[in-house]
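Taking it in order: structure first as structure tokens, then the write-up.
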Amino acid sequence: MSTIQAVCLGHPIRLGERAQRTGIDKRPVEGPVVLSAEGLAGDSVCNRKVHGGPDQAVYGFGSVDLDAWSLALGKSVPPGLLGENLVISGIDSRDVAVGDRFETDTVMLEVTATRMPCSTLSLRMGDPHFARRFLELGQPGFYCRVLRPGAIQAGDSVRFTRFEGERVLMGEMLTAKVKALSPEAVQRWRSTPLSARVAADLDRAHPRA
């Protein structure tokens with residue numbers, strides 16, 4: 001049994017020469033937070049073309065991921081630094097696949113996709129090469145849809161249930177070139193509850209007969 005180590009919310013800040021508005025600056029909060037199909041109450045999502053929405057309502061990290069980033073960066077990485085909403089103890093996102101579920105007594109989440117690094121993340125970390133480092137480390141966290149809304153808070157116990165079908169791991173999705181996927185991989189990906197954005201990318205690259 002794992003636990004929710006942190007629930008993190010973001011407020012808009014501006015980054016870079018163009019003063020880009022972003023909600024990537026997440027900070028841990030105390031007490032219960034309402035979680036709906038659109039995400040955590042009070043959490044800012046500024047660029048909804050690529051972030052947020054029902055299939056990316058929550059971005060989660062495992063405590064193993066944070067430990068790996070602390071080692072890679074040579075400093076303690078606090079919850080929320082990389083834009084995550086939740087940190088779950090004992091979880092390593094390298095072992096997480098599309099369709100896996102995280103459940104507390106009040107909410108249920110289903111993994112839909114991995115997080116792809118972007119220029120905003122590099123700005124946040126003050127490193128123009130950070131997106132490449134993110135790919136190289138290979139512990140990217142996971143986006144989830146909300147199957148059962150409710151309230152969630154640090155300290156809640158979490159049950160992890162593996163998807164019973166094909167495994168599409170976060171690391172595979174992170175590094176995969178969708179256009180280069182084999183027919184077998186395309187079929188395997190389509191058999192899972194992918195996010196709508198990933199499913200659309202898959203259909204554009206590999207039109208259905």
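Residues are named by chain letter and number: chains run A, B, ... in the order of the structure tokens, numbers start at 1 in each chain, and ligands are numbered from 1 in the order shown.
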
Contacts of stretch 70-173 of chain A with stretch 189-204 of chain A up to 7 Å, shortest pair per row, only C-alpha atoms, as a tab-separated table:
residue	atom	partner	partner_atom	distance
A:Val98	CA	A:Thr192	CA	6.3
A:Gly99	CA	A:Pro193	CA	5.7
A:Thr112	CA	A:Leu194	CA	4.7
A:Ala113	CA	A:Ser195	CA	6.0
A:Glu166	CA	A:Thr192	CA	6.9
A:Val168	CA	A:Trp189	CA	6.5

TODO: Name the residues in contact with A:Pro149 at a cut-off of 10 Å, using only C-alpha atoms, excluding same-chain residues fewer than 2 positions from it; report them as a PyMOL selection string.
DONE: chain A and resi 34-40+106-109+145-147+151-152

Just-selected residues, all heavy atoms written as a CSV table (one decimal), in the first residue's frame:
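out23.csv written:
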chain,number,residue,atom,x,y,z
A,34,VAL,N,-10.5,19.2,-3.6
A,34,VAL,CA,-11.5,18.5,-4.5
A,34,VAL,C,-10.9,18.2,-5.8
A,34,VAL,O,-10.3,19.0,-6.5
A,34,VAL,CB,-12.7,19.5,-4.6
A,34,VAL,CG1,-13.7,18.9,-5.6
A,34,VAL,CG2,-13.4,19.7,-3.3
A,35,LEU,N,-11.1,16.9,-6.2
A,35,LEU,CA,-10.6,16.5,-7.5
A,35,LEU,C,-11.9,16.1,-8.4
A,35,LEU,O,-12.7,15.2,-8.0
A,35,LEU,CB,-9.8,15.2,-7.3
A,35,LEU,CG,-9.2,14.5,-8.6
A,35,LEU,CD1,-8.4,15.5,-9.4
A,35,LEU,CD2,-8.5,13.3,-8.2
A,36,SER,N,-12.0,16.8,-9.5
A,36,SER,CA,-13.1,16.5,-10.5
A,36,SER,C,-12.5,16.0,-11.8
A,36,SER,O,-11.3,15.8,-11.9
A,36,SER,CB,-13.8,17.8,-10.8
A,36,SER,OG,-13.0,18.7,-11.6
A,37,ALA,N,-13.3,15.7,-12.7
A,37,ALA,CA,-12.9,15.2,-14.0
A,37,ALA,C,-11.9,16.2,-14.7
A,37,ALA,O,-11.2,15.7,-15.6
A,37,ALA,CB,-14.1,14.9,-14.9
A,38,GLU,N,-12.0,17.4,-14.4
A,38,GLU,CA,-11.1,18.4,-15.0
A,38,GLU,C,-9.8,18.7,-14.2
A,38,GLU,O,-9.0,19.4,-14.7
A,38,GLU,CB,-11.8,19.7,-15.2
A,38,GLU,CG,-12.9,19.7,-16.2
A,38,GLU,CD,-12.4,19.5,-17.6
A,38,GLU,OE1,-11.3,20.0,-17.9
A,38,GLU,OE2,-13.1,18.8,-18.4
A,39,GLY,N,-9.7,18.1,-13.0
A,39,GLY,CA,-8.4,18.2,-12.3
A,39,GLY,C,-8.7,18.7,-10.9
A,39,GLY,O,-9.8,18.6,-10.4
A,40,LEU,N,-7.6,19.2,-10.2
A,40,LEU,CA,-7.7,19.6,-8.8
A,40,LEU,C,-8.2,21.0,-8.7
A,40,LEU,O,-7.8,21.9,-9.5
A,40,LEU,CB,-6.3,19.5,-8.2
A,40,LEU,CG,-5.7,18.1,-8.0
A,40,LEU,CD1,-4.2,18.1,-7.9
A,40,LEU,CD2,-6.4,17.5,-6.8
A,106,THR,N,-11.5,7.6,-1.7
A,106,THR,CA,-12.4,8.6,-2.2
A,106,THR,C,-12.3,8.8,-3.7
A,106,THR,O,-13.3,9.3,-4.3
A,106,THR,CB,-12.2,10.0,-1.5
A,106,THR,OG1,-10.8,10.3,-1.6
A,106,THR,CG2,-12.6,9.9,0.0
A,107,VAL,N,-11.2,8.6,-4.3
A,107,VAL,CA,-11.0,8.9,-5.7
A,107,VAL,C,-10.3,7.7,-6.4
A,107,VAL,O,-9.7,6.8,-5.8
A,107,VAL,CB,-10.1,10.1,-6.0
A,107,VAL,CG1,-10.7,11.3,-5.2
A,107,VAL,CG2,-8.7,9.9,-5.6
A,108,MET,N,-10.5,7.6,-7.8
A,108,MET,CA,-9.9,6.6,-8.6
A,108,MET,C,-9.3,7.3,-9.8
A,108,MET,O,-10.0,8.1,-10.5
A,108,MET,CB,-10.8,5.5,-9.0
A,108,MET,CG,-10.1,4.4,-9.9
A,108,MET,SD,-11.3,3.2,-10.5
A,108,MET,CE,-11.8,2.4,-8.9
A,109,LEU,N,-8.0,7.0,-10.1
A,109,LEU,CA,-7.3,7.6,-11.3
A,109,LEU,C,-6.9,6.5,-12.2
A,109,LEU,O,-6.6,5.4,-11.8
A,109,LEU,CB,-6.1,8.4,-10.8
A,109,LEU,CG,-6.3,9.5,-9.8
A,109,LEU,CD1,-4.9,10.0,-9.4
A,109,LEU,CD2,-7.2,10.6,-10.3
A,145,ARG,N,-6.6,10.3,-16.0
A,145,ARG,CA,-8.0,10.7,-16.0
A,145,ARG,C,-8.6,10.3,-14.7
A,145,ARG,O,-8.2,9.4,-14.0
A,145,ARG,CB,-8.8,10.1,-17.2
A,145,ARG,CG,-8.9,8.6,-17.2
A,145,ARG,CD,-9.9,8.2,-18.2
A,145,ARG,NE,-9.6,8.5,-19.6
A,145,ARG,CZ,-8.9,7.7,-20.4
A,145,ARG,NH1,-8.4,6.5,-20.0
A,145,ARG,NH2,-8.6,8.1,-21.6
A,146,VAL,N,-9.7,11.0,-14.3
A,146,VAL,CA,-10.4,10.8,-13.0
A,146,VAL,C,-11.6,9.9,-13.3
A,146,VAL,O,-12.6,10.3,-13.9
A,146,VAL,CB,-10.8,12.1,-12.4
A,146,VAL,CG1,-11.5,11.8,-11.0
A,146,VAL,CG2,-9.5,13.0,-12.1
A,147,LEU,N,-11.6,8.7,-12.8
A,147,LEU,CA,-12.7,7.8,-13.0
A,147,LEU,C,-13.7,8.0,-11.8
A,147,LEU,O,-14.9,7.7,-12.0
A,147,LEU,CB,-12.2,6.3,-13.0
A,147,LEU,CG,-11.3,5.9,-14.1
A,147,LEU,CD1,-11.0,4.4,-14.1
A,147,LEU,CD2,-11.9,6.2,-15.5
A,151,ALA,N,-12.4,14.0,-2.9
A,151,ALA,CA,-11.4,14.8,-2.3
A,151,ALA,C,-10.1,14.0,-2.0
A,151,ALA,O,-10.2,12.8,-1.7
A,151,ALA,CB,-11.9,15.4,-1.0
A,152,ILE,N,-9.0,14.6,-2.1
A,152,ILE,CA,-7.7,13.9,-2.0
A,152,ILE,C,-6.8,14.8,-1.1
A,152,ILE,O,-6.8,16.0,-1.2
A,152,ILE,CB,-7.1,13.5,-3.3
A,152,ILE,CG1,-6.0,12.5,-3.2
A,152,ILE,CG2,-6.7,14.8,-4.1
A,152,ILE,CD1,-5.5,12.0,-4.6

Open item on the list: So the first atom is atom CA of A:Ala205 and the second is atom CA of A:Val111; what is the distance between them in Å, to one decimal place?
Closed with: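 Atom-to-atom, atom CA of A:Ala205 to atom CA of A:Val111, that is 22.2 Å.
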
Task: Distance of atom CA of A:Met1 from atom CA of A:Val29, expressed in Å to one decimal place - done: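 Taking atom CA of A:Val29 as the start and atom CA of A:Met1 as the end point, the length is 22.2 Å.
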
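The shortest atom-to-atom distance to A:Arg162, with only C-alpha atoms taken into account, belongs to A:Arg101 out of A:His129, A:Arg208, A:Arg18, A:Arg101.
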
Open item on the list: I need the residues in stretch 5-182 of chain A that are alpha helix (DSSP H) according to DSSP; give them as a count of residues only.
Closed with: 32

TODO: Give the strand (DSSP E or B) residues of stretch 79-137 of chain A, as DSSP finds them on the backbone, and put them as a VMD selection string.
DONE: chain A and resid 86 to 88 97 101 to 103 108 to 113

Just-selected residues, N, CA and C atoms written as a compact mmCIF listing (two decimals), in the first residue's frame:
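Output (part-v7.txt):
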# COMPACT_ATOMS: atom_id res chain seq x y z
N LEU A 86 0.66 15.28 -7.99
CA LEU A 86 0.67 14.27 -6.94
C LEU A 86 2.03 13.59 -6.88
N VAL A 87 2.45 13.26 -5.66
CA VAL A 87 3.60 12.38 -5.45
C VAL A 87 3.11 11.19 -4.63
N ILE A 88 3.35 9.98 -5.16
CA ILE A 88 2.86 8.75 -4.54
C ILE A 88 4.05 7.92 -4.07
N ALA A 97 2.08 1.79 -16.49
CA ALA A 97 1.61 1.65 -17.86
C ALA A 97 0.24 2.28 -18.04
N ARG A 101 -4.20 1.80 -12.49
CA ARG A 101 -5.08 2.65 -11.68
C ARG A 101 -4.51 2.89 -10.29
N PHE A 102 -4.77 4.09 -9.79
CA PHE A 102 -4.45 4.49 -8.42
C PHE A 102 -5.77 4.84 -7.74
N GLU A 103 -6.00 4.22 -6.59
CA GLU A 103 -7.29 4.40 -5.93
C GLU A 103 -7.10 4.68 -4.43
N MET A 108 -10.52 7.63 -7.77
CA MET A 108 -9.85 6.63 -8.61
C MET A 108 -9.30 7.31 -9.84
N LEU A 109 -8.02 7.04 -10.13
CA LEU A 109 -7.33 7.61 -11.28
C LEU A 109 -6.91 6.48 -12.22
N GLU A 110 -6.92 6.79 -13.52
CA GLU A 110 -6.47 5.83 -14.53
C GLU A 110 -5.41 6.48 -15.40
N VAL A 111 -4.27 5.82 -15.56
CA VAL A 111 -3.16 6.36 -16.33
C VAL A 111 -3.50 6.36 -17.82
N THR A 112 -3.22 7.49 -18.48
CA THR A 112 -3.57 7.65 -19.90
C THR A 112 -2.38 7.93 -20.80
N ALA A 113 -1.32 8.51 -20.27
CA ALA A 113 -0.19 8.94 -21.11
C ALA A 113 0.97 9.34 -20.22

TODO: Considering only C-alpha atoms, state which residue in the set A:Pro54, A:Glu84, A:Thr114, A:Gly31 is at the smallest distance from A:Leu9.
DONE: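 For A:Leu9, the nearest of the candidates is A:Glu84.
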
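Proximity to A:Asp92 was assessed for A:Ser76, A:Thr161, A:Gln139, A:Ser182 counting only C-alpha atoms; the smallest distance is recorded for A:Gln139.
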
Task: Top pick for closest residue to A:Glu184, considering A:Ala6, A:Val77, A:Pro12, A:His206 and counting only C-alpha atoms - done: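 Ranking A:Ala6, A:Val77, A:Pro12, A:His206 by distance to A:Glu184, first place goes to A:His206.
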
- [ ] Considering only C-alpha atoms, return as an MDAnalysis selection string whatever protein or nucleic-acid residues lie within 7 Å of A:Asp156, sequence-local ones (same chain, fewer than 2 positions apart) excluded.
- [x] chainID A and resid 3:4 104 153:154 158

Save the residues we just selected, N, CA, C and O atoms, as a PDB file, in the first residue's frame?
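Saved to again_25.pdb:
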ATOM      1  N   THR A   3       1.099   5.683  -0.289  1.00  0.00           N
ATOM      2  CA  THR A   3       0.388   6.834   0.251  1.00  0.00           C
ATOM      3  C   THR A   3       0.617   8.049  -0.647  1.00  0.00           C
ATOM      4  O   THR A   3       1.605   8.109  -1.376  1.00  0.00           O
ATOM      5  N   ILE A   4      -0.314   8.984  -0.571  1.00  0.00           N
ATOM      6  CA  ILE A   4      -0.118  10.270  -1.234  1.00  0.00           C
ATOM      7  C   ILE A   4       0.859  11.076  -0.377  1.00  0.00           C
ATOM      8  O   ILE A   4       0.555  11.434   0.755  1.00  0.00           O
ATOM      9  N   THR A 104      -7.760   5.713  -3.943  1.00  0.00           N
ATOM     10  CA  THR A 104      -7.857   5.965  -2.504  1.00  0.00           C
ATOM     11  C   THR A 104      -9.275   5.612  -2.073  1.00  0.00           C
ATOM     12  O   THR A 104     -10.078   5.137  -2.871  1.00  0.00           O
ATOM     13  N   GLN A 153      -5.914  14.132  -0.347  1.00  0.00           N
ATOM     14  CA  GLN A 153      -4.968  14.908   0.461  1.00  0.00           C
ATOM     15  C   GLN A 153      -3.749  14.063   0.790  1.00  0.00           C
ATOM     16  O   GLN A 153      -3.770  12.819   0.694  1.00  0.00           O
ATOM     17  N   ALA A 154      -2.675  14.731   1.166  1.00  0.00           N
ATOM     18  CA  ALA A 154      -1.465  14.039   1.600  1.00  0.00           C
ATOM     19  C   ALA A 154      -1.794  13.141   2.780  1.00  0.00           C
ATOM     20  O   ALA A 154      -2.547  13.518   3.681  1.00  0.00           O
ATOM     21  N   VAL A 158      -3.092   4.593  -0.871  1.00  0.00           N
ATOM     22  CA  VAL A 158      -3.311   4.406  -2.305  1.00  0.00           C
ATOM     23  C   VAL A 158      -3.139   2.937  -2.674  1.00  0.00           C
ATOM     24  O   VAL A 158      -2.144   2.312  -2.306  1.00  0.00           O
TER      25      VAL A 158
END

Open item on the list: Calculated over only C-alpha atoms, which of the candidates A:Ala57, A:Leu181, A:Met116, A:Met125 has the smallest distance to A:Asp43?
Closed with: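 With only C-alpha atoms as the atom set, the closest residue is A:Ala57.
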
TODO: Excluding A:Gly138 and any residue of its chain fewer than 3 positions from it, enumerate the residues within 9 Å of it, using only C-alpha atoms, and give them as a ChimeraX atom specification.
DONE: /A:93-94,133-135,170-171,174-175

Those residues you just picked out, can you put them in a file as a PDB file, in the first residue's frame with N, CA and C atoms?
ATOM      1  N   SER A  93       7.754   5.518 -12.003  1.00  0.00           N
ATOM      2  CA  SER A  93       6.963   5.645 -13.229  1.00  0.00           C
ATOM      3  C   SER A  93       7.479   4.762 -14.357  1.00  0.00           C
ATOM      4  N   ARG A  94       8.699   4.247 -14.243  1.00  0.00           N
ATOM      5  CA  ARG A  94       9.185   3.304 -15.254  1.00  0.00           C
ATOM      6  C   ARG A  94       8.372   2.022 -15.244  1.00  0.00           C
ATOM      7  N   ARG A 133      17.610  16.127 -21.006  1.00  0.00           N
ATOM      8  CA  ARG A 133      17.918  15.406 -19.773  1.00  0.00           C
ATOM      9  C   ARG A 133      16.697  14.622 -19.287  1.00  0.00           C
ATOM     10  N   PHE A 134      15.531  15.218 -19.452  1.00  0.00           N
ATOM     11  CA  PHE A 134      14.286  14.562 -19.051  1.00  0.00           C
ATOM     12  C   PHE A 134      14.091  13.267 -19.831  1.00  0.00           C
ATOM     13  N   LEU A 135      14.344  13.329 -21.131  1.00  0.00           N
ATOM     14  CA  LEU A 135      14.232  12.132 -21.962  1.00  0.00           C
ATOM     15  C   LEU A 135      15.264  11.086 -21.562  1.00  0.00           C
ATOM     16  N   MET A 170       5.392   3.910 -19.470  1.00  0.00           N
ATOM     17  CA  MET A 170       5.662   5.333 -19.635  1.00  0.00           C
ATOM     18  C   MET A 170       6.985   5.572 -20.361  1.00  0.00           C
ATOM     19  N   GLY A 171       7.994   4.782 -20.056  1.00  0.00           N
ATOM     20  CA  GLY A 171       9.278   4.960 -20.722  1.00  0.00           C
ATOM     21  C   GLY A 171       9.198   4.679 -22.212  1.00  0.00           C
ATOM     22  N   LEU A 174       7.474   7.624 -23.804  1.00  0.00           N
ATOM     23  CA  LEU A 174       8.322   8.817 -23.754  1.00  0.00           C
ATOM     24  C   LEU A 174       9.260   8.896 -24.948  1.00  0.00           C
ATOM     25  N   THR A 175       9.844   7.777 -25.321  1.00  0.00           N
ATOM     26  CA  THR A 175      10.881   7.773 -26.353  1.00  0.00           C
ATOM     27  C   THR A 175      10.381   7.327 -27.725  1.00  0.00           C
TER      28      THR A 175
END
